[in-house]
$ cat run-v6.tsv   # TSV, C-alpha atoms
chain	number	residue	atom	x	y	z
A	592	MET	CA	-51.70	18.91	22.80
A	593	LYS	CA	-52.32	15.20	22.34
A	594	THR	CA	-53.10	14.29	18.74
A	595	HIS	CA	-54.14	11.21	16.77
A	596	PRO	CA	-52.57	10.63	13.33
A	597	VAL	CA	-54.80	9.74	10.38
A	598	GLN	CA	-54.19	9.07	6.70
A	599	ILE	CA	-56.78	9.63	3.95
A	600	GLY	CA	-55.46	8.78	0.51
A	601	SER	CA	-52.28	10.80	0.12
A	602	LEU	CA	-53.11	13.22	2.96
A	603	HIS	CA	-51.90	13.04	6.55
A	604	ARG	CA	-53.53	14.91	9.43
A	605	GLU	CA	-52.95	15.11	13.19
A	606	LEU	CA	-56.39	15.25	14.80
A	607	PRO	CA	-56.55	17.02	18.19
A	608	VAL	CA	-57.73	14.77	21.03
A	609	ILE	CA	-60.41	16.76	22.88
A	610	THR	CA	-62.33	15.98	26.07
A	611	VAL	CA	-66.04	16.22	25.28
A	612	ALA	CA	-67.47	14.86	28.56
A	613	PRO	CA	-65.98	13.87	31.94
A	614	GLY	CA	-63.72	10.88	31.21
A	615	VAL	CA	-64.44	10.86	27.44
A	616	ALA	CA	-62.11	12.26	24.78
A	617	VAL	CA	-62.37	12.02	21.00
A	618	ALA	CA	-60.01	12.60	18.08
A	619	LEU	CA	-61.72	15.55	16.42
A	620	LEU	CA	-62.15	15.44	12.64
A	621	ASN	CA	-63.08	18.78	11.13
A	622	LEU	CA	-63.81	18.81	7.40
A	623	LEU	CA	-65.13	22.39	7.45
A	624	GLY	CA	-62.30	24.60	6.29
A	625	ASP	CA	-60.14	21.69	5.11
A	626	THR	CA	-60.95	21.68	1.40
A	627	ASP	CA	-58.11	19.31	0.46
A	628	LEU	CA	-59.12	16.66	2.99
A	629	THR	CA	-62.82	16.99	2.06
A	630	GLU	CA	-62.05	16.56	-1.65
A	631	GLU	CA	-59.76	13.56	-1.02
A	632	ALA	CA	-62.26	11.84	1.32
A	633	GLY	CA	-65.15	12.62	-1.03
A	634	LYS	CA	-63.31	11.21	-4.04
A	635	THR	CA	-62.36	8.02	-2.17
A	636	LEU	CA	-65.86	7.49	-0.73
A	637	ALA	CA	-67.51	8.20	-4.11
A	638	ALA	CA	-65.58	5.22	-5.53
A	639	LEU	CA	-66.93	3.02	-2.72
A	640	LEU	CA	-70.61	4.01	-3.07
A	641	PRO	CA	-72.67	0.87	-3.86
A	642	LYS	CA	-74.38	0.77	-7.27
A	643	GLY	CA	-78.02	1.83	-7.50
A	644	ILE	CA	-77.93	4.61	-4.89
A	645	GLU	CA	-80.25	7.41	-6.09
A	646	VAL	CA	-79.90	10.07	-3.40
A	647	LEU	CA	-77.54	11.04	-0.57
A	648	VAL	CA	-78.79	12.32	2.80
A	649	THR	CA	-76.50	14.02	5.31
A	650	PRO	CA	-77.07	15.56	8.75
A	651	GLU	CA	-76.22	19.26	9.19
A	652	VAL	CA	-73.40	20.57	9.62
A	653	LYS	CA	-69.97	18.97	9.45
A	654	ALA	CA	-70.62	16.47	6.65
A	655	VAL	CA	-72.29	18.97	4.28
A	656	THR	CA	-69.15	19.62	2.24
A	657	LEU	CA	-68.41	15.87	2.05
A	658	ALA	CA	-71.89	15.19	0.63
A	659	HIS	CA	-71.44	18.15	-1.74
A	660	VAL	CA	-68.20	16.62	-3.12
A	661	ILE	CA	-69.61	13.08	-3.54
A	662	SER	CA	-72.74	14.56	-5.17
A	663	ARG	CA	-70.63	16.66	-7.55
A	664	ILE	CA	-68.42	13.71	-8.56
A	665	LEU	CA	-71.21	11.17	-9.11
A	666	GLY	CA	-74.02	13.49	-10.21
A	667	ILE	CA	-76.32	12.10	-7.48
A	668	PRO	CA	-78.39	14.70	-5.58
A	669	TYR	CA	-77.91	15.27	-1.83
A	670	ILE	CA	-80.28	16.45	0.84
A	671	VAL	CA	-79.35	18.01	4.19
A	672	ALA	CA	-81.31	17.02	7.29
A	673	ARG	CA	-81.38	20.27	9.30
A	674	LYS	CA	-81.10	20.58	13.07
A	675	THR	CA	-83.79	23.23	13.44
A	676	GLN	CA	-87.11	23.81	11.73
A	677	LYS	CA	-87.00	26.86	9.47
A	678	PRO	CA	-89.97	29.19	9.03
A	679	TYR	CA	-89.86	28.66	5.26
A	680	MET	CA	-90.11	24.85	5.44
A	681	HIS	CA	-93.22	23.18	4.04
A	682	GLN	CA	-94.68	20.40	6.26
A	683	PRO	CA	-91.31	19.26	7.68
A	684	VAL	CA	-90.84	15.82	9.30
A	685	THR	CA	-88.70	15.49	12.43
A	686	ARG	CA	-86.91	13.01	14.76
A	687	GLU	CA	-84.97	13.45	17.99
A	688	VAL	CA	-81.38	12.26	18.33
A	689	LEU	CA	-78.82	12.07	21.15
A	690	SER	CA	-75.35	12.82	19.79
A	691	ILE	CA	-72.03	12.21	21.53
A	692	THR	CA	-70.46	15.52	20.47
A	693	THR	CA	-73.45	17.60	21.52
A	694	GLY	CA	-74.47	15.84	24.73
A	695	LYS	CA	-78.02	17.10	24.34
A	696	PRO	CA	-81.05	15.75	22.48
A	697	GLN	CA	-81.20	17.30	19.03
A	698	LEU	CA	-83.75	17.46	16.30
A	699	LEU	CA	-83.31	16.22	12.73
A	700	VAL	CA	-85.63	17.91	10.25
A	701	ILE	CA	-86.33	17.19	6.57
A	702	ASP	CA	-88.25	19.81	4.61
A	703	GLY	CA	-91.49	18.56	3.08
A	704	PHE	CA	-90.27	19.84	-0.30
A	705	ASP	CA	-87.47	17.24	-0.13
A	706	ILE	CA	-89.74	14.25	0.63
A	707	PRO	CA	-90.44	13.39	-3.05
A	708	LYS	CA	-86.67	13.25	-3.65
A	709	ILE	CA	-86.34	10.49	-0.96
A	710	LYS	CA	-89.64	8.56	-1.20
A	711	ASP	CA	-89.26	5.18	-2.97
A	712	LYS	CA	-85.57	5.92	-3.54
A	713	SER	CA	-82.41	3.98	-2.68
A	714	VAL	CA	-80.62	6.19	-0.15
A	715	ALA	CA	-77.06	6.42	1.16
A	716	VAL	CA	-76.47	8.29	4.41
A	717	ILE	CA	-73.27	10.37	4.44
A	718	ASP	CA	-71.64	11.45	7.72
A	719	ASP	CA	-68.18	12.58	8.82
A	720	VAL	CA	-67.80	10.27	11.83
A	721	VAL	CA	-70.14	7.48	12.99
A	722	SER	CA	-69.63	6.89	16.71
A	723	THR	CA	-72.49	5.53	18.85
A	724	GLY	CA	-74.67	5.56	15.76
A	725	GLY	CA	-77.35	7.69	17.44
A	726	THR	CA	-77.55	10.21	14.61
A	727	LEU	CA	-77.45	7.39	12.07
A	728	ARG	CA	-80.34	5.50	13.73
A	729	SER	CA	-82.53	8.59	13.96
A	730	LEU	CA	-81.75	9.69	10.42
A	731	SER	CA	-82.41	6.18	9.06
A	732	ALA	CA	-85.74	6.06	10.92
A	733	LEU	CA	-86.64	9.47	9.51
A	734	ILE	CA	-85.78	8.35	5.96
A	735	THR	CA	-87.81	5.15	6.44
A	736	ASP	CA	-90.79	7.22	7.73
A	737	ILE	CA	-90.66	9.22	4.50
A	738	GLY	CA	-90.63	6.04	2.37
A	739	GLY	CA	-86.95	5.89	1.40
A	740	THR	CA	-84.73	2.82	1.81
A	741	VAL	CA	-81.31	3.27	3.42
A	742	ASN	CA	-79.06	0.87	1.51
A	743	ALA	CA	-75.66	2.21	2.59
A	744	THR	CA	-73.95	4.42	5.15
A	745	LEU	CA	-70.66	6.08	4.28
A	746	ALA	CA	-68.43	7.98	6.67
A	747	VAL	CA	-64.84	9.16	6.75
A	748	PHE	CA	-64.31	7.36	10.05
A	749	THR	CA	-66.06	5.04	12.45
A	750	GLU	CA	-65.30	5.62	16.12
A	751	GLY	CA	-65.33	3.52	19.29
A	752	ASP	CA	-66.60	0.03	18.52
A	753	PRO	CA	-65.77	-1.18	15.00
A	754	ARG	CA	-68.86	-1.30	12.77
A	755	GLU	CA	-69.48	-3.60	9.82
A	756	ASP	CA	-72.52	-1.66	8.63
A	757	VAL	CA	-70.62	1.53	7.72
A	758	ILE	CA	-68.36	2.00	4.69
A	759	ALA	CA	-65.50	4.07	6.14
A	760	LEU	CA	-61.93	5.07	5.30
A	761	GLY	CA	-60.63	4.38	8.80
A	762	HIS	CA	-61.38	3.97	12.48
A	763	LEU	CA	-60.86	6.37	15.39
A	764	PRO	CA	-60.39	5.27	19.02
A	765	LEU	CA	-62.64	6.61	21.78
A	766	TYR	CA	-60.50	7.69	24.73
A	767	LEU	CA	-62.13	6.58	27.99
A	768	GLU	CA	-60.40	7.47	31.26
A	769	LYS	CA	-61.02	5.22	34.23
B	1333	MET	CA	-100.16	33.00	-5.24
B	1334	SER	CA	-98.27	30.34	-3.31
B	1335	ASN	CA	-97.09	28.78	-6.57
B	1336	GLU	CA	-95.40	31.96	-7.74
B	1337	THR	CA	-91.67	31.67	-8.26
B	1338	TYR	CA	-88.76	33.93	-9.17
B	1339	THR	CA	-86.51	32.91	-12.04
B	1340	LEU	CA	-82.84	33.08	-11.06
B	1341	ILE	CA	-80.25	33.02	-13.86
B	1342	ILE	CA	-76.50	32.58	-13.32
B	1343	GLY	CA	-74.60	32.10	-16.58
B	1344	ASP	CA	-76.37	29.25	-18.40
B	1345	LEU	CA	-77.96	27.87	-15.21
B	1346	SER	CA	-81.49	28.81	-14.15
B	1347	ARG	CA	-83.61	27.96	-11.09
B	1348	GLU	CA	-87.22	28.67	-10.18
B	1349	LEU	CA	-86.94	29.98	-6.61
B	1350	PRO	CA	-89.92	29.67	-4.26
B	1351	LEU	CA	-91.13	32.92	-2.70
B	1352	VAL	CA	-91.21	33.06	1.10
B	1353	ARG	CA	-93.09	35.58	3.25
B	1354	PRO	CA	-90.96	37.08	6.05
B	1355	THR	CA	-93.68	39.66	6.83
B	1356	PRO	CA	-97.36	39.66	5.79
B	1357	ASN	CA	-96.77	42.20	3.00
B	1358	THR	CA	-93.47	41.11	1.50
B	1359	ARG	CA	-92.20	38.13	-0.44
B	1360	LEU	CA	-88.57	37.12	-0.97
B	1361	PRO	CA	-87.07	34.57	-3.37
B	1362	LEU	CA	-85.49	31.76	-1.34
B	1363	VAL	CA	-82.04	30.64	-2.57
B	1364	GLU	CA	-80.84	27.27	-1.27
B	1365	PHE	CA	-77.29	26.07	-1.92
B	1366	LEU	CA	-77.61	23.04	0.38
B	1367	GLY	CA	-78.30	20.05	-1.86
B	1368	ASP	CA	-77.72	21.95	-5.13
B	1369	THR	CA	-74.15	21.26	-6.27
B	1370	GLN	CA	-74.59	22.88	-9.69
B	1371	LEU	CA	-75.99	26.11	-8.25
B	1372	SER	CA	-73.21	26.23	-5.63
B	1373	GLN	CA	-70.54	25.79	-8.32
B	1374	ALA	CA	-72.10	28.31	-10.70
B	1375	ALA	CA	-72.54	30.93	-7.97
B	1376	ALA	CA	-68.96	30.37	-6.79
B	1377	LYS	CA	-67.61	30.95	-10.31
B	1378	ALA	CA	-69.69	34.13	-10.69
B	1379	THR	CA	-68.74	35.42	-7.20
B	1380	LEU	CA	-65.03	34.68	-7.52
B	1381	PRO	CA	-64.12	37.97	-9.32
B	1382	LEU	CA	-65.50	39.91	-6.29
B	1383	ILE	CA	-62.99	38.36	-3.85
B	1384	PRO	CA	-59.99	40.72	-3.34
B	1385	THR	CA	-57.06	39.03	-5.08
B	1386	ASP	CA	-54.65	39.22	-2.13
B	1387	THR	CA	-57.09	37.54	0.28
B	1388	ASP	CA	-55.38	35.01	2.59
B	1389	MET	CA	-58.49	33.30	3.89
B	1390	LEU	CA	-62.29	33.14	3.57
B	1391	PHE	CA	-64.61	33.28	6.57
B	1392	THR	CA	-68.32	32.44	6.83
B	1393	CYS	CA	-70.89	31.09	9.29
B	1394	GLU	CA	-72.98	27.94	9.22
B	1395	THR	CA	-74.95	26.52	7.45
B	1396	SER	CA	-76.41	27.60	4.14
B	1397	SER	CA	-73.25	29.41	2.92
B	1398	ILE	CA	-70.98	26.38	3.40
B	1399	PRO	CA	-71.30	24.76	-0.09
B	1400	LEU	CA	-70.65	28.17	-1.74
B	1401	VAL	CA	-67.59	28.87	0.40
B	1402	HIS	CA	-66.20	25.36	-0.06
B	1403	SER	CA	-66.56	25.76	-3.85
B	1404	LEU	CA	-64.87	29.18	-3.78
B	1405	ALA	CA	-62.06	27.90	-1.55
B	1406	GLU	CA	-61.54	24.99	-3.95
B	1407	LEU	CA	-61.46	27.27	-7.01
B	1408	MET	CA	-59.10	29.81	-5.38
B	1409	ASN	CA	-56.99	27.32	-3.43
B	1410	LEU	CA	-57.62	29.31	-0.22
B	1411	PRO	CA	-58.31	28.07	3.31
B	1412	TYR	CA	-61.59	28.99	5.03
B	1413	GLU	CA	-63.11	28.94	8.50
B	1414	VAL	CA	-66.73	28.60	9.63
B	1415	ALA	CA	-68.26	30.32	12.69
B	1416	ARG	CA	-70.83	28.07	14.36
B	1417	LYS	CA	-74.26	29.07	15.62
B	1418	ARG	CA	-74.18	26.83	18.68
B	1419	ARG	CA	-71.62	25.98	21.27
B	1420	ARG	CA	-70.16	22.48	20.84
B	1421	PRO	CA	-68.76	20.53	23.82
B	1422	TYR	CA	-65.34	20.26	22.15
B	1423	MET	CA	-64.85	24.05	21.91
B	1424	GLN	CA	-62.12	25.48	24.12
B	1425	ASP	CA	-61.98	29.24	24.85
B	1426	PRO	CA	-64.20	30.08	21.86
B	1427	ILE	CA	-64.79	33.64	20.65
B	1428	ILE	CA	-68.46	34.39	21.33
B	1429	GLN	CA	-70.09	37.19	19.31
B	1430	ASP	CA	-73.71	38.37	19.29
B	1431	VAL	CA	-75.45	39.18	16.01
B	1432	GLN	CA	-78.06	41.89	15.78
B	1433	SER	CA	-80.26	40.79	12.92
B	1434	MET	CA	-82.34	43.79	11.86
B	1435	THR	CA	-84.51	41.78	9.51
B	1436	LEU	CA	-85.86	39.44	12.16
B	1437	GLY	CA	-85.35	41.57	15.25
B	1438	VAL	CA	-84.00	38.46	16.92
B	1439	GLY	CA	-80.46	38.12	18.22
B	1440	GLU	CA	-78.21	35.23	17.32
B	1441	THR	CA	-74.83	34.17	18.65
B	1442	LEU	CA	-71.78	33.03	16.68
B	1443	TRP	CA	-69.05	30.80	18.14
B	1444	LEU	CA	-65.53	30.25	16.86
B	1445	ASP	CA	-63.38	27.69	18.66
B	1446	LEU	CA	-59.97	29.07	19.68
B	1447	ARG	CA	-58.18	26.41	17.57
B	1448	HIS	CA	-59.87	27.89	14.49
B	1449	ALA	CA	-59.62	31.52	15.60
B	1450	GLU	CA	-55.85	31.07	15.69
B	1451	HIS	CA	-55.89	30.44	11.92
B	1452	LEU	CA	-57.22	34.00	11.33
B	1453	ARG	CA	-54.43	35.75	13.25
B	1454	GLY	CA	-52.42	38.14	11.05
B	1455	LYS	CA	-54.40	37.09	7.94
B	1456	LYS	CA	-56.27	39.20	5.38
B	1457	VAL	CA	-59.74	37.71	5.79
B	1458	THR	CA	-62.61	38.11	3.30
B	1459	ILE	CA	-66.09	37.37	4.61
B	1460	VAL	CA	-68.38	35.45	2.25
B	1461	LEU	CA	-72.09	34.78	2.74
B	1462	ASP	CA	-74.77	33.25	0.52
B	1463	VAL	CA	-77.38	35.97	1.11
B	1464	VAL	CA	-77.20	39.30	2.95
B	1465	ALA	CA	-80.01	41.63	3.98
B	1466	SER	CA	-79.14	44.19	6.68
B	1467	GLY	CA	-75.49	43.15	6.94
B	1468	GLY	CA	-75.79	42.35	10.67
B	1469	THR	CA	-74.19	38.93	10.27
B	1470	ILE	CA	-71.28	40.37	8.23
B	1471	SER	CA	-70.62	42.99	10.96
B	1472	SER	CA	-70.49	40.28	13.61
B	1473	LEU	CA	-68.17	38.09	11.52
B	1474	GLU	CA	-65.88	41.13	11.07
B	1475	LYS	CA	-65.81	41.64	14.85
B	1476	ILE	CA	-64.74	38.00	15.25
B	1477	VAL	CA	-61.95	38.51	12.69
B	1478	VAL	CA	-60.66	41.55	14.62
B	1479	ARG	CA	-60.94	39.80	18.00
B	1480	ALA	CA	-58.99	36.85	16.54
B	1481	GLY	CA	-56.20	39.21	15.41
B	1482	GLY	CA	-57.02	39.04	11.70
B	1483	LYS	CA	-57.60	41.89	9.24
B	1484	PRO	CA	-61.07	42.29	7.66
B	1485	HIS	CA	-60.23	42.54	3.97
B	1486	GLY	CA	-63.49	42.26	2.05
B	1487	ARG	CA	-67.25	41.70	2.30
B	1488	VAL	CA	-68.75	39.51	-0.42
B	1489	ALA	CA	-72.18	37.96	-0.85
B	1490	ALA	CA	-73.57	35.88	-3.70
B	1491	PHE	CA	-76.98	37.50	-3.25
B	1492	SER	CA	-78.62	40.38	-1.41
B	1493	HIS	CA	-82.23	41.05	-0.61
B	1494	GLY	CA	-82.55	44.64	-1.75
B	1495	GLN	CA	-79.67	47.10	-1.58
B	1496	PRO	CA	-77.43	46.48	1.48
B	1497	LYS	CA	-76.87	49.56	3.68
B	1498	MET	CA	-73.15	48.86	4.02
B	1499	ASP	CA	-70.43	48.41	1.45
B	1500	ILE	CA	-70.76	44.78	0.33
B	1501	GLN	CA	-69.73	43.29	-3.02
B	1502	VAL	CA	-72.81	41.45	-4.27
B	1503	MET	CA	-72.90	39.09	-7.27
B	1504	GLN	CA	-76.65	39.45	-7.84
B	1505	GLN	CA	-79.41	41.45	-6.16
B	1506	LEU	CA	-82.72	39.68	-5.50
B	1507	PRO	CA	-85.96	41.64	-5.38
B	1508	ILE	CA	-88.04	42.28	-2.26
B	1509	ILE	CA	-91.56	41.98	-3.59
B	1510	ALA	CA	-93.97	44.30	-1.76
B	1511	LEU	CA	-97.67	43.42	-1.73
B	1512	ASP	CA	-100.43	45.99	-1.20
$ encode --input "run-v6.tsv" --output "structure tokens"
Amino acid sequence: MKTHPVQIGSLHRELPVITVAPGVAVALLNLLGDTDLTEEAGKTLAALLPKGIEVLVTPEVKAVTLAHVISRILGIPYIVARKTQKPYMHQPVTREVLSITTGKPQLLVIDGFDIPKIKDKSVAVIDDVVSTGGTLRSLSALITDIGGTVNATLAVFTEGDPREDVIALGHLPLYLEK
Amino acid sequence: MSNETYTLIIGDLSRELPLVRPTPNTRLPLVEFLGDTQLSQAAAKATLPLIPTDTDMLFTCETSSIPLVHSLAELMNLPYEVARKRRRPYMQDPIIQDVQSMTLGVGETLWLDLRHAEHLRGKKVTIVLDVVASGGTISSLEKIVVRAGGKPHGRVAAFSHGQPKMDIQVMQQLPIIALD
């Protein structure tokens, strides 16, 4: 299988290159199950978090452990934007997003109970990989709707076009076949 | 009534859990690990003694159990895998397993990409969940372990709603509050 080598701190990984749509392949980062890599990336990103950030927000699912680690190290709370509304949520707010690894429109949902933790706060968005930025845009709009201010975005990797607006530990190519 | 809470105590940590209403006449305390690093860490420490010592790997499903299992994996220096609840475009030859959830009467489906299923092969796998009720999800995760060529080695949950009908090691039982 074709792989793409990456280095995070002292750790080396070979990411599998997987076709996700006709003519489009990505180097697949999977933090779930890789405790060492999650801890290393979380520690490195925690040191890069701008001063004054009061809360972290992350989209479900793959960046949950990364947000958990940064939150644990810095003592800053984190909130997970869910992908489905749950029956127990209280007045949730939602946004639609089109993500490259899902191919379908998806929902982002923040529980009404979490709104006071974001409103009037300085927010950093945490994700595993920022590619087209679709998730990021929708999540930022959702946070702005609630009254929070997104002052930073941190990810393990950016992907495709280089981005200045994301604090990342590296960059992944997007494999486009002609 | 809606402001009633249940006081959860783990070691020297306490939380006021909101009560949710799965049916008109019952209330359940809602535990949420997502976003609560301290609770995840405390529950992991308290659940750790229930994990069989010769476990090779932990196995769970998304999403709410993930911070607990990450914390346990970190404490025990064990690998873990996560079954997904939706198919992702990057999955290749995934194991697909239905879940019969007796509490909700609604079926769910779990997906484990072949690349991850291969990690379970020949391993003693302990299943860990945040909360169990009927045990339907645990049964389905066990079926995935067997289909992947692994050996189901233990069933552990941080919490249960009531007394589970199957043999599951539970760190703390939460009440099911019946209303007249």
$ closest_residue --input "run-v6.tsv" --among "B:Asp1462, B:Glu1413, B:Asp1344, B:Glu1474" --to "chain A" --atoms "only C-alpha atoms"
B:Glu1413
$ atom_distance --input "run-v6.tsv" --atom1 "CA of Leu665 in chain A" --atom2 "CA of Lys712 in chain A"
16.3 Å
$ atom_distance --input "run-v6.tsv" --atom1 "CA of Arg1487 in chain B" --atom2 "CA of Lys653 in chain A"
24.0 Å
$ interface_residues --input "run-v6.tsv" --of "chain B" --to "chain A" --cutoff "8 Å" --atoms "only C-alpha atoms" --output "PyMOL selection string"
chain B and resi 1352-1353+1366-1370+1394-1395+1398-1399+1402+1405-1406+1411-1414+1420-1422
$ atom_distance --input "run-v6.tsv" --atom1 "CA of Thr1441 in chain B" --atom2 "CA of Arg1416 in chain B"
8.5 Å
$ closest_residue --input "run-v6.tsv" --among "A:Met592, A:Ala637, A:Val615, A:Ile701" --to "Ala732 in chain A" --atoms "all atoms listed in the file"
A:Ile701
$ residues_near_point --input "run-v6.tsv" --point "(-61.3, 41.6, -4.5)" --cutoff "12 Å" --atoms "all atoms listed in the file" --output "MDAnalysis selection string"
chainID B and resid 1379:1388 1390 1456:1460 1485:1488 1500:1502
$ write_last_selection --input "run-v6.tsv" --atoms "C-alpha atoms" --output "PDB file, keeping the file's coordinate frame"
ATOM      1  CA  THR B1379     -68.740  35.420  -7.200  1.00  0.00           C
ATOM      2  CA  LEU B1380     -65.030  34.680  -7.520  1.00  0.00           C
ATOM      3  CA  PRO B1381     -64.120  37.970  -9.320  1.00  0.00           C
ATOM      4  CA  LEU B1382     -65.500  39.910  -6.290  1.00  0.00           C
ATOM      5  CA  ILE B1383     -62.990  38.360  -3.850  1.00  0.00           C
ATOM      6  CA  PRO B1384     -59.990  40.720  -3.340  1.00  0.00           C
ATOM      7  CA  THR B1385     -57.060  39.030  -5.080  1.00  0.00           C
ATOM      8  CA  ASP B1386     -54.650  39.220  -2.130  1.00  0.00           C
ATOM      9  CA  THR B1387     -57.090  37.540   0.280  1.00  0.00           C
ATOM     10  CA  ASP B1388     -55.380  35.010   2.590  1.00  0.00           C
ATOM     11  CA  LEU B1390     -62.290  33.140   3.570  1.00  0.00           C
ATOM     12  CA  LYS B1456     -56.270  39.200   5.380  1.00  0.00           C
ATOM     13  CA  VAL B1457     -59.740  37.710   5.790  1.00  0.00           C
ATOM     14  CA  THR B1458     -62.610  38.110   3.300  1.00  0.00           C
ATOM     15  CA  ILE B1459     -66.090  37.370   4.610  1.00  0.00           C
ATOM     16  CA  VAL B1460     -68.380  35.450   2.250  1.00  0.00           C
ATOM     17  CA  HIS B1485     -60.230  42.540   3.970  1.00  0.00           C
ATOM     18  CA  GLY B1486     -63.490  42.260   2.050  1.00  0.00           C
ATOM     19  CA  ARG B1487     -67.250  41.700   2.300  1.00  0.00           C
ATOM     20  CA  VAL B1488     -68.750  39.510  -0.420  1.00  0.00           C
ATOM     21  CA  ILE B1500     -70.760  44.780   0.330  1.00  0.00           C
ATOM     22  CA  GLN B1501     -69.730  43.290  -3.020  1.00  0.00           C
ATOM     23  CA  VAL B1502     -72.810  41.450  -4.270  1.00  0.00           C
TER      24      VAL B1502
END
$ residues_around --input "run-v6.tsv" --residues "Ile1428 in chain B" --least-positions-apart "3" --cutoff "7 Å" --atoms "only C-alpha atoms" --output "mmCIF file with C-alpha atoms, in the coordinates of the input"
data_model
loop_
_atom_site.group_PDB
_atom_site.id
_atom_site.type_symbol
_atom_site.label_atom_id
_atom_site.label_comp_id
_atom_site.auth_asym_id
_atom_site.auth_seq_id
_atom_site.Cartn_x
_atom_site.Cartn_y
_atom_site.Cartn_z
ATOM 1 C CA THR B 1441 -74.830 34.170 18.650
ATOM 2 C CA LEU B 1442 -71.780 33.030 16.680
ATOM 3 C CA TRP B 1443 -69.050 30.800 18.140
ATOM 4 C CA LEU B 1444 -65.530 30.250 16.860
#
$ residues_near_point --input "run-v6.tsv" --point "(-85.5, 2.1, 1.3)" --cutoff "8 Å" --atoms "all atoms listed in the file" --output "list in words"
Asp711, Lys712, Ser713, Val714, Ile734, Thr735, Gly738, Gly739, Thr740, Val741 and Asn742 of chain A
$ closest_residue --input "run-v6.tsv" --among "A:Leu733, A:Ala759, A:Ala746, A:Leu765" --to "Gly614 in chain A" --atoms "only C-alpha atoms"
A:Leu765
$ closest_residue --input "run-v6.tsv" --among "B:Met1423, B:Val1464, B:Leu1345, B:Ala1449" --to "Asp1499 in chain B" --atoms "only C-alpha atoms"
B:Val1464
$ residues_around --input "run-v6.tsv" --residues "Leu602 in chain A" --least-positions-apart "3" --cutoff "10 Å" --atoms "only C-alpha atoms" --output "ChimeraX atom specification"
/A:597-599,627-628,631-632
$ residues_around --input "run-v6.tsv" --residues "Arg1453 in chain B" --least-positions-apart "3" --cutoff "6 Å" --atoms "only C-alpha atoms" --output "ChimeraX atom specification"
/B:1450,1480-1482
$ write_last_selection --input "run-v6.tsv" --atoms "C-alpha atoms" --output "short mmCIF file (atom, residue, chain, number, x, y, z; two decimals), in the coordinates of the input"
data_model
loop_
_atom_site.label_atom_id
_atom_site.label_comp_id
_atom_site.auth_asym_id
_atom_site.auth_seq_id
_atom_site.Cartn_x
_atom_site.Cartn_y
_atom_site.Cartn_z
CA GLU B 1450 -55.85 31.07 15.69
CA ALA B 1480 -58.99 36.85 16.54
CA GLY B 1481 -56.20 39.21 15.41
CA GLY B 1482 -57.02 39.04 11.70
#
